[in-house]
Amino acid sequence: MSIPILDLRRSFEEIKPEVFKRLEKIFDEQNFILGSEVKTFERHCERYLELPEGAAVGCASGTDALLLALMAADVHEGDEVITTPFTFFATSGAVARLGAKPVFVDVEPDTYNINLEQAVSKINSRTKIFLPVHLFGQMCALEKVKKEFADKNIKIVEDTAQAFGSSRIVDGKIERAGTVGDIGCYSFFPTKNLGGCGDGGMVVARDLQTAERLARLRVHGSGTTYYHDEIGINSRLDAIQAAVLDIKLKYLEAWNEQRTQIADYYKLLFKASGLHEFVTPPTVLEGNRHIYHQYVIRVHSRRDELMNFMNENGFGVRVYYPLSLHLQPCFKYLGYKEGDFPVSEALTREVLALPVFPGLKQDEQEQIIDCMKKFFRA
Ligand SMILES: *Cc1c(COP(=O)(O)O)cnc(C)c1O
């Protein structure tokens, strides 16, 4: 018995004929970059996210989406960007690449998302951007701090790489991840909950002037081919990715729903197992639709031993993330030290991601929990 952390083959079986039919058309046309497939996908994303036409701009990766967003927000050397140290590297990598300074604040122990009050407390005259991450598929409660940043003319760029389709009810209305701040950044890396068959990404901006600028920046800053208003980058989405993503987008609601059901079943199993003494399942904020890009528990002690034991028994459990970004060697120049962000540091020692993907079966989940029980002799 072996259950990987992620098995994409199961959901692909559902769409295989549709994908190959569409790919054949693309190969017949030999038009591989941007073009009508990308436009179609962008329009469908706008509809799904309830954004105006023109708001979505496909690009080459989630990392580039962040880079493009920060460029469109005029982030330059010396600017400060308030962000979380408990995330994938790309979030602050994009900031540093533009010569700006990532200013870290700690995260919440229950949702693992950035601590919003602490984020507000870091605002100063150099602050250009607030860059929260909707980690593991759960949204931050941005409505609580939106005004504080807007009043100081600080733009909000959302790292939505793990949360396509995640939402939150605010004052009786649905807010969708990536559309609450000024610019939303998505990744379509194959392992994301909406993933392509290669690298891909998207930036969205409700303000269409910003969206137009994003669309120029992805093609070397040119509005008209060979005429360059500013210096951009080469970051285009290709037709093959767009076609696969466009097909998958139709299934996303159902797949996200399956992820939620899997999470609910884990919760039930934990309740029945007596494991609560040893682990804490993820917490969902009131009003949130968590889409469980990852299902991440906290293991109170012996996390690495548990992970090794489960891996040896054929269960693909993983650690996201083992080292807080403020302690990464490449960020030494920022001057942070151990102890600066105790929650983030504790999480790096305690988190463990369990398999969650469309097609995962209940009896497989039971085996995963049984293995954990065996380890703890619970
Ligand atoms: C995956 C990811 C990215 C980067 O996306 P790529 O498409 O791999 O470049 C950025 N931020 C977070 C939080 C991610 O999980």
# chains A, B, ... in the order shown; residues from 1 in each chain; ligands from 1
>>> residues_near_ligand(ligand="ligand 1", cutoff="8 Å", atoms="only C-alpha atoms and all ligand atoms", output="PyMOL selection string")
chain A and resi 60-66+87-91+133-136+159-162+186-189+192+199-201
>>> write_last_selection(atoms="N, CA and C atoms", output="short mmCIF file (atom, residue, chain, number, x, y, z; two decimals), in the first residue's frame")
data_model
loop_
_atom_site.label_atom_id
_atom_site.label_comp_id
_atom_site.auth_asym_id
_atom_site.auth_seq_id
_atom_site.Cartn_x
_atom_site.Cartn_y
_atom_site.Cartn_z
N ALA A 60 3.76 33.56 -17.17
CA ALA A 60 4.52 32.31 -17.27
C ALA A 60 4.62 31.49 -15.98
N SER A 61 4.37 32.11 -14.83
CA SER A 61 4.44 31.37 -13.56
C SER A 61 3.85 32.22 -12.44
N GLY A 62 3.67 31.59 -11.30
CA GLY A 62 3.22 32.33 -10.12
C GLY A 62 4.29 33.30 -9.64
N THR A 63 5.53 32.89 -9.77
CA THR A 63 6.64 33.77 -9.40
C THR A 63 6.62 35.03 -10.26
N ASP A 64 6.44 34.85 -11.57
CA ASP A 64 6.36 36.01 -12.47
C ASP A 64 5.12 36.85 -12.17
N ALA A 65 4.04 36.21 -11.78
CA ALA A 65 2.83 36.96 -11.44
C ALA A 65 3.15 37.94 -10.31
N LEU A 66 3.88 37.47 -9.31
CA LEU A 66 4.28 38.34 -8.19
C LEU A 66 5.20 39.45 -8.68
N THR A 87 5.90 30.86 4.19
CA THR A 87 5.33 30.71 2.85
C THR A 87 6.40 30.10 1.96
N PHE A 88 6.02 29.83 0.71
CA PHE A 88 7.02 29.40 -0.28
C PHE A 88 7.95 30.58 -0.59
N PHE A 89 9.17 30.27 -0.93
CA PHE A 89 10.21 31.27 -1.13
C PHE A 89 9.84 32.40 -2.09
N ALA A 90 9.10 32.05 -3.16
CA ALA A 90 8.83 33.02 -4.24
C ALA A 90 8.20 34.32 -3.74
N THR A 91 7.41 34.24 -2.67
CA THR A 91 6.71 35.43 -2.18
C THR A 91 7.69 36.56 -1.90
N VAL A 133 -0.30 36.17 2.03
CA VAL A 133 -0.43 34.91 1.31
C VAL A 133 -1.64 34.17 1.85
N HIS A 134 -2.51 33.70 0.98
CA HIS A 134 -3.64 32.87 1.43
C HIS A 134 -3.12 31.43 1.49
N LEU A 135 -2.48 31.11 2.61
CA LEU A 135 -1.69 29.89 2.68
C LEU A 135 -2.53 28.62 2.75
N PHE A 136 -2.08 27.62 2.01
CA PHE A 136 -2.68 26.27 1.99
C PHE A 136 -4.13 26.26 1.50
N ASP A 159 -0.87 37.07 -2.68
CA ASP A 159 -0.28 35.85 -3.21
C ASP A 159 -1.34 34.75 -3.08
N THR A 160 -1.99 34.48 -4.22
CA THR A 160 -3.11 33.54 -4.24
C THR A 160 -2.69 32.22 -4.90
N ALA A 161 -1.38 31.95 -4.90
CA ALA A 161 -0.85 30.78 -5.60
C ALA A 161 -1.46 29.47 -5.10
N GLN A 162 -1.93 29.46 -3.85
CA GLN A 162 -2.46 28.22 -3.27
C GLN A 162 -3.96 28.28 -3.05
N TYR A 186 -1.73 34.41 -9.14
CA TYR A 186 -2.04 32.98 -9.11
C TYR A 186 -0.91 32.19 -9.75
N SER A 187 -0.78 30.94 -9.32
CA SER A 187 0.19 30.03 -9.93
C SER A 187 -0.57 28.83 -10.48
N PHE A 188 -0.15 28.38 -11.65
CA PHE A 188 -0.73 27.17 -12.23
C PHE A 188 0.32 26.07 -12.34
N PHE A 189 1.31 26.12 -11.46
CA PHE A 189 2.27 25.01 -11.35
C PHE A 189 1.45 23.72 -11.21
N LYS A 192 -0.53 22.75 -8.04
CA LYS A 192 -1.49 23.66 -7.40
C LYS A 192 -2.91 23.14 -7.62
N ASP A 199 4.72 25.13 -16.38
CA ASP A 199 4.60 26.36 -15.60
C ASP A 199 3.53 27.27 -16.18
N GLY A 200 2.91 28.05 -15.32
CA GLY A 200 1.92 29.03 -15.74
C GLY A 200 1.51 29.88 -14.57
N GLY A 201 0.95 31.05 -14.85
CA GLY A 201 0.50 31.93 -13.77
C GLY A 201 -0.47 32.97 -14.30
#
>>> atom_distance(atom1="atom CA of Leu6 of chain A", atom2="atom CA of Phe357 of chain A")
6.1 Å
>>> residues_around(residues="Ile240 of chain A", least_positions_apart="6", cutoff="8 Å", atoms="only C-alpha atoms", output="number ranges by chain")
A: 23, 26, 32, 37
>>> write_last_selection(atoms="N, CA and C atoms", output="PDB file, in the first residue's frame")
ATOM      1  N   LEU A  23      -5.739  19.687 -27.523  1.00  0.00           N
ATOM      2  CA  LEU A  23      -4.310  19.811 -27.855  1.00  0.00           C
ATOM      3  C   LEU A  23      -4.073  19.554 -29.338  1.00  0.00           C
ATOM      4  N   ILE A  26      -4.591  22.657 -31.224  1.00  0.00           N
ATOM      5  CA  ILE A  26      -3.491  23.615 -31.059  1.00  0.00           C
ATOM      6  C   ILE A  26      -2.298  23.221 -31.944  1.00  0.00           C
ATOM      7  N   PHE A  32       1.421  28.909 -30.624  1.00  0.00           N
ATOM      8  CA  PHE A  32       1.680  28.379 -29.292  1.00  0.00           C
ATOM      9  C   PHE A  32       1.746  29.390 -28.143  1.00  0.00           C
ATOM     10  N   GLU A  37      -6.391  30.831 -27.302  1.00  0.00           N
ATOM     11  CA  GLU A  37      -6.563  29.926 -26.151  1.00  0.00           C
ATOM     12  C   GLU A  37      -6.361  30.680 -24.831  1.00  0.00           C
TER      13      GLU A  37
END
>>> select_by_dssp(residues="segment 42-272 of chain A", states="alpha helix (DSSP H)", output="PyMOL selection string")
chain A and resi 42-49+62-72+90-97+116-121+146-151+208-217+239-272
>>> atom_distance(atom1="atom CA of Tyr333 of chain A", atom2="atom CA of Phe104 of chain A")
13.4 Å
>>> atom_distance(atom1="atom CA of Thr84 of chain A", atom2="atom CA of Leu116 of chain A")
10.1 Å
>>> closest_residue(among="A:Val284, A:Leu194, A:Ala177, A:Ile183", to="Lys250 of chain A", atoms="only C-alpha atoms")
A:Leu194
>>> residues_around(residues="Arg43 of chain A", least_positions_apart="2", cutoff="9 Å", atoms="only C-alpha atoms", output="tab-separated table (two decimals) with N, CA and C atoms, in the first residue's frame")
chain	number	residue	atom	x	y	z
A	38	VAL	N	-5.35	31.52	-24.81
A	38	VAL	CA	-5.05	32.29	-23.58
A	38	VAL	C	-6.18	33.30	-23.33
A	39	LYS	N	-6.62	33.96	-24.39
A	39	LYS	CA	-7.72	34.93	-24.23
A	39	LYS	C	-8.97	34.26	-23.68
A	40	THR	N	-9.31	33.11	-24.23
A	40	THR	CA	-10.49	32.37	-23.77
A	40	THR	C	-10.38	32.04	-22.28
A	41	PHE	N	-9.21	31.52	-21.90
A	41	PHE	CA	-8.99	31.16	-20.50
A	41	PHE	C	-9.08	32.40	-19.59
A	45	CYS	N	-11.68	32.94	-16.52
A	45	CYS	CA	-11.22	33.25	-15.16
A	45	CYS	C	-11.92	34.49	-14.62
A	46	GLU	N	-12.05	35.51	-15.49
A	46	GLU	CA	-12.74	36.73	-15.07
A	46	GLU	C	-14.17	36.42	-14.65
A	47	ARG	N	-14.83	35.58	-15.42
A	47	ARG	CA	-16.21	35.22	-15.09
A	47	ARG	C	-16.25	34.48	-13.75
A	48	TYR	N	-15.35	33.54	-13.59
A	48	TYR	CA	-15.31	32.74	-12.35
A	48	TYR	C	-15.04	33.64	-11.14
A	52	PRO	N	-14.20	42.33	-14.09
A	52	PRO	CA	-14.55	42.87	-15.41
A	52	PRO	C	-13.66	42.29	-16.51
A	53	GLU	N	-14.17	42.32	-17.74
A	53	GLU	CA	-13.40	41.82	-18.86
A	53	GLU	C	-12.10	42.62	-19.02
A	54	GLY	N	-11.01	41.89	-19.16
A	54	GLY	CA	-9.70	42.54	-19.29
A	54	GLY	C	-8.90	42.52	-18.00
A	55	ALA	N	-9.53	42.08	-16.91
A	55	ALA	CA	-8.86	42.12	-15.59
A	55	ALA	C	-7.82	41.03	-15.42
A	56	ALA	N	-7.96	39.92	-16.16
A	56	ALA	CA	-7.05	38.78	-15.96
A	56	ALA	C	-5.98	38.74	-17.04
>>> select_by_dssp(residues="segment 159-300 of chain A", states="strand (DSSP E or B)", output="VMD selection string")
chain A and resid 159 167 to 170 173 to 176 183 to 187 201 to 204 219 222 to 224 227 to 228 234 238 279 to 280 288 to 289 295 to 299
>>> closest_residue(among="A:Asn234, A:Leu208, A:Phe376, A:Gln241", to="His276 of chain A", atoms="only C-alpha atoms")
A:Phe376
>>> decode(residues="segment 80-202 of chain A", atoms="C-alpha atoms", output="mmCIF file, in the first residue's frame")
data_model
loop_
_atom_site.group_PDB
_atom_site.id
_atom_site.type_symbol
_atom_site.label_atom_id
_atom_site.label_comp_id
_atom_site.auth_asym_id
_atom_site.auth_seq_id
_atom_site.Cartn_x
_atom_site.Cartn_y
_atom_site.Cartn_z
ATOM 1 C CA GLU A 80 9.430 48.073 1.941
ATOM 2 C CA VAL A 81 6.995 45.216 1.442
ATOM 3 C CA ILE A 82 5.241 43.808 4.511
ATOM 4 C CA THR A 83 4.850 40.051 4.176
ATOM 5 C CA THR A 84 4.915 36.649 5.888
ATOM 6 C CA PRO A 85 7.991 34.519 6.563
ATOM 7 C CA PHE A 86 5.916 31.321 6.565
ATOM 8 C CA THR A 87 5.334 30.714 2.848
ATOM 9 C CA PHE A 88 7.016 29.405 -0.279
ATOM 10 C CA PHE A 89 10.213 31.274 -1.128
ATOM 11 C CA ALA A 90 8.831 33.023 -4.237
ATOM 12 C CA THR A 91 6.707 35.426 -2.180
ATOM 13 C CA SER A 92 9.664 37.361 -0.829
ATOM 14 C CA GLY A 93 12.043 36.324 -3.616
ATOM 15 C CA ALA A 94 10.062 38.546 -6.003
ATOM 16 C CA VAL A 95 10.348 41.466 -3.577
ATOM 17 C CA ALA A 96 14.090 41.088 -3.200
ATOM 18 C CA ARG A 97 14.655 40.735 -6.948
ATOM 19 C CA LEU A 98 13.326 44.265 -7.424
ATOM 20 C CA GLY A 99 15.736 45.575 -4.799
ATOM 21 C CA ALA A 100 12.926 46.141 -2.322
ATOM 22 C CA LYS A 101 13.042 44.963 1.281
ATOM 23 C CA PRO A 102 10.819 42.190 2.619
ATOM 24 C CA VAL A 103 9.607 43.237 6.080
ATOM 25 C CA PHE A 104 8.443 40.095 7.829
ATOM 26 C CA VAL A 105 5.784 39.797 10.484
ATOM 27 C CA ASP A 106 4.754 36.662 12.342
ATOM 28 C CA VAL A 107 1.808 34.396 11.499
ATOM 29 C CA GLU A 108 -1.254 33.095 13.369
ATOM 30 C CA PRO A 109 -0.816 29.755 15.177
ATOM 31 C CA ASP A 110 -4.207 28.411 14.031
ATOM 32 C CA THR A 111 -4.559 29.477 10.366
ATOM 33 C CA TYR A 112 -0.806 29.862 9.638
ATOM 34 C CA ASN A 113 -1.699 33.106 7.819
ATOM 35 C CA ILE A 114 -0.033 36.469 8.448
ATOM 36 C CA ASN A 115 -0.873 38.261 11.694
ATOM 37 C CA LEU A 116 -2.818 41.258 10.423
ATOM 38 C CA GLU A 117 -2.447 43.504 13.477
ATOM 39 C CA GLN A 118 1.302 43.028 13.443
ATOM 40 C CA ALA A 119 1.330 43.775 9.713
ATOM 41 C CA VAL A 120 -0.381 47.123 10.310
ATOM 42 C CA SER A 121 2.084 47.948 13.090
ATOM 43 C CA LYS A 122 4.976 47.744 10.581
ATOM 44 C CA ILE A 123 3.652 50.506 8.328
ATOM 45 C CA ASN A 124 6.067 53.411 7.879
ATOM 46 C CA SER A 125 6.869 56.000 5.217
ATOM 47 C CA ARG A 126 8.855 53.478 3.139
ATOM 48 C CA THR A 127 6.064 50.876 3.045
ATOM 49 C CA LYS A 128 4.923 50.411 -0.534
ATOM 50 C CA ILE A 129 3.051 47.102 -0.526
ATOM 51 C CA PHE A 130 1.259 44.711 1.787
ATOM 52 C CA LEU A 131 1.801 41.181 0.441
ATOM 53 C CA PRO A 132 -0.285 38.579 2.309
ATOM 54 C CA VAL A 133 -0.427 34.905 1.307
ATOM 55 C CA HIS A 134 -3.640 32.866 1.425
ATOM 56 C CA LEU A 135 -1.692 29.886 2.676
ATOM 57 C CA PHE A 136 -2.678 26.274 1.992
ATOM 58 C CA GLY A 137 -5.986 27.440 0.471
ATOM 59 C CA GLN A 138 -7.439 29.563 3.244
ATOM 60 C CA MET A 139 -8.011 33.311 2.883
ATOM 61 C CA CYS A 140 -6.712 35.984 5.209
ATOM 62 C CA ALA A 141 -9.406 38.271 6.652
ATOM 63 C CA LEU A 142 -8.158 41.215 4.624
ATOM 64 C CA GLU A 143 -11.316 43.283 5.157
ATOM 65 C CA LYS A 144 -10.067 43.942 8.692
ATOM 66 C CA VAL A 145 -7.031 45.900 7.508
ATOM 67 C CA LYS A 146 -7.869 47.001 3.966
ATOM 68 C CA LYS A 147 -8.677 50.557 4.956
ATOM 69 C CA GLU A 148 -5.547 51.034 7.078
ATOM 70 C CA PHE A 149 -3.378 50.278 4.049
ATOM 71 C CA ALA A 150 -5.536 52.173 1.548
ATOM 72 C CA ASP A 151 -5.490 55.312 3.727
ATOM 73 C CA LYS A 152 -1.688 55.323 3.534
ATOM 74 C CA ASN A 153 -1.714 54.656 -0.218
ATOM 75 C CA ILE A 154 -0.192 51.197 0.286
ATOM 76 C CA LYS A 155 -1.278 48.675 -2.329
ATOM 77 C CA ILE A 156 -2.322 45.151 -1.411
ATOM 78 C CA VAL A 157 -0.900 42.388 -3.616
ATOM 79 C CA GLU A 158 -2.368 38.977 -2.763
ATOM 80 C CA ASP A 159 -0.277 35.848 -3.209
ATOM 81 C CA THR A 160 -3.111 33.536 -4.239
ATOM 82 C CA ALA A 161 -0.847 30.780 -5.601
ATOM 83 C CA GLN A 162 -2.459 28.215 -3.274
ATOM 84 C CA ALA A 163 -6.012 29.499 -3.205
ATOM 85 C CA PHE A 164 -7.711 29.631 -6.605
ATOM 86 C CA GLY A 165 -11.425 29.334 -5.802
ATOM 87 C CA SER A 166 -11.038 30.023 -2.090
ATOM 88 C CA SER A 167 -13.504 32.576 -0.765
ATOM 89 C CA ARG A 168 -14.769 34.355 2.302
ATOM 90 C CA ILE A 169 -18.131 35.781 3.306
ATOM 91 C CA VAL A 170 -17.837 39.414 4.405
ATOM 92 C CA ASP A 171 -20.997 41.330 5.370
ATOM 93 C CA GLY A 172 -23.118 38.722 3.613
ATOM 94 C CA LYS A 173 -21.139 39.001 0.375
ATOM 95 C CA ILE A 174 -18.687 36.554 -1.176
ATOM 96 C CA GLU A 175 -15.122 37.812 -1.545
ATOM 97 C CA ARG A 176 -12.847 35.728 -3.746
ATOM 98 C CA ALA A 177 -9.179 35.166 -3.041
ATOM 99 C CA GLY A 178 -7.061 37.365 -5.283
ATOM 100 C CA THR A 179 -9.781 39.957 -5.915
ATOM 101 C CA VAL A 180 -9.878 41.714 -2.536
ATOM 102 C CA GLY A 181 -6.686 43.751 -2.796
ATOM 103 C CA ASP A 182 -5.311 45.708 -5.758
ATOM 104 C CA ILE A 183 -3.603 42.857 -7.603
ATOM 105 C CA GLY A 184 -4.034 39.090 -7.222
ATOM 106 C CA CYS A 185 -1.324 36.609 -8.207
ATOM 107 C CA TYR A 186 -2.037 32.983 -9.111
ATOM 108 C CA SER A 187 0.185 30.026 -9.927
ATOM 109 C CA PHE A 188 -0.734 27.167 -12.232
ATOM 110 C CA PHE A 189 2.266 25.011 -11.348
ATOM 111 C CA PRO A 190 1.053 21.421 -11.911
ATOM 112 C CA THR A 191 0.706 20.642 -8.186
ATOM 113 C CA LYS A 192 -1.494 23.662 -7.401
ATOM 114 C CA ASN A 193 -5.218 23.072 -6.992
ATOM 115 C CA LEU A 194 -5.657 24.567 -10.477
ATOM 116 C CA GLY A 195 -2.521 23.333 -12.227
ATOM 117 C CA GLY A 196 -1.396 23.084 -15.846
ATOM 118 C CA CYS A 197 0.971 20.643 -17.568
ATOM 119 C CA GLY A 198 3.958 22.939 -17.075
ATOM 120 C CA ASP A 199 4.602 26.364 -15.602
ATOM 121 C CA GLY A 200 1.924 29.027 -15.744
ATOM 122 C CA GLY A 201 0.498 31.931 -13.774
ATOM 123 C CA MET A 202 -1.935 34.827 -13.823
#
